[in-house]
Amino acid sequence: MNNGSHNLIEIDPEKLGGTPVFRGTRVPIQNLFDSLEGGESVEQFLEQYPTVSREQLLAVLEESKERLLIGYEIAA
């Protein structure tokens, strides 16, 4: 399900000074990773940020996973 990060993430100097956000929202991508690292569930994140859809969240995680795994494949 690789839509490419350009469809998932928006970087606009007018939105939060160019911080990467979920496209169509003002929710920084970093908030997702901070929430998960802090022990929150996907459900809790979605409740806290209702402008982010489950599909967006899962697509960002999938894109992150693919990039990480590609990095390991290249290094191997």
# chains A, B, ... in the order shown; residues from 1 in each chain; ligands from 1
call {"tool": "residues_around", "arguments": {"residues": "Arg26 of chain A", "least_positions_apart": "4", "cutoff": "7 Å", "atoms": "only C-alpha atoms", "output": "list in words"}}
result
Lys15, Val21 and Phe22 of chain A
call {"tool": "write_last_selection", "arguments": {"atoms": "N, CA and C atoms", "output": "PDB file, in the first residue's frame"}}
result
ATOM      1  N   LYS A  15       2.080  26.083   7.417  1.00  0.00           N
ATOM      2  CA  LYS A  15       1.504  25.181   8.421  1.00  0.00           C
ATOM      3  C   LYS A  15       2.600  24.768   9.381  1.00  0.00           C
ATOM      4  N   VAL A  21       3.311  17.246   8.365  1.00  0.00           N
ATOM      5  CA  VAL A  21       2.017  16.924   8.974  1.00  0.00           C
ATOM      6  C   VAL A  21       1.282  15.912   8.102  1.00  0.00           C
ATOM      7  N   PHE A  22       0.282  15.250   8.703  1.00  0.00           N
ATOM      8  CA  PHE A  22      -0.599  14.402   7.914  1.00  0.00           C
ATOM      9  C   PHE A  22      -1.308  15.302   6.911  1.00  0.00           C
TER      10      PHE A  22
END
call {"tool": "residues_around", "arguments": {"residues": "segment 42-53 of chain A", "least_positions_apart": "2", "cutoff": "10 Å", "atoms": "only C-alpha atoms", "output": "number ranges by chain"}}
result
A: 21-27, 31-33, 35-36, 39-40, 55-59
call {"tool": "select_by_dssp", "arguments": {"residues": "segment 5-74 of chain A", "states": "strand (DSSP E)", "output": "PyMOL selection string"}}
result
chain A and resi 9-10+21-22
call {"tool": "write_last_selection", "arguments": {"atoms": "C-alpha atoms", "output": "CSV table (one decimal), in the first residue's frame"}}
result
chain,number,residue,atom,x,y,z
A,9,ILE,CA,2.7,14.0,4.3
A,10,GLU,CA,2.3,17.7,3.7
A,21,VAL,CA,2.0,16.9,9.0
A,22,PHE,CA,-0.6,14.4,7.9
call {"tool": "atom_distance", "arguments": {"atom1": "atom CA of Asn7 of chain A", "atom2": "atom CA of Arg54 of chain A"}}
result
14.7 Å
call {"tool": "atom_distance", "arguments": {"atom1": "atom CA of Leu16 of chain A", "atom2": "atom CA of Glu37 of chain A"}}
result
22.2 Å
call {"tool": "atom_distance", "arguments": {"atom1": "atom CA of Glu66 of chain A", "atom2": "atom CA of Gly18 of chain A"}}
result
23.9 Å
call {"tool": "select_by_dssp", "arguments": {"residues": "chain A", "states": "alpha helix (DSSP H)", "output": "ChimeraX atom specification"}}
result
/A:5-8,29-37,42-48,54-75
call {"tool": "residues_around", "arguments": {"residues": "Pro20 of chain A", "least_positions_apart": "3", "cutoff": "8 Å", "atoms": "only C-alpha atoms", "output": "number ranges by chain"}}
result
A: 9-12, 28-30
call {"tool": "write_last_selection", "arguments": {"atoms": "N, CA and C atoms", "output": "CSV table (one decimal), in the first residue's frame"}}
result
chain,number,residue,atom,x,y,z
A,9,ILE,N,2.1,13.0,3.5
A,9,ILE,CA,2.7,14.0,4.3
A,9,ILE,C,2.6,15.3,3.5
A,10,GLU,N,2.3,16.4,4.3
A,10,GLU,CA,2.3,17.7,3.7
A,10,GLU,C,3.4,18.6,4.5
A,11,ILE,N,4.2,19.3,3.7
A,11,ILE,CA,5.2,20.2,4.3
A,11,ILE,C,4.9,21.5,3.7
A,12,ASP,N,4.4,22.4,4.5
A,12,ASP,CA,4.0,23.8,4.0
A,12,ASP,C,4.5,24.8,5.0
A,28,PRO,N,1.2,17.0,13.3
A,28,PRO,CA,2.6,16.6,13.0
A,28,PRO,C,2.7,15.1,13.0
A,29,ILE,N,3.4,14.6,12.0
A,29,ILE,CA,3.7,13.2,11.9
A,29,ILE,C,4.5,12.7,13.2
A,30,GLN,N,5.3,13.6,13.7
A,30,GLN,CA,6.1,13.3,14.9
A,30,GLN,C,5.2,12.9,16.0
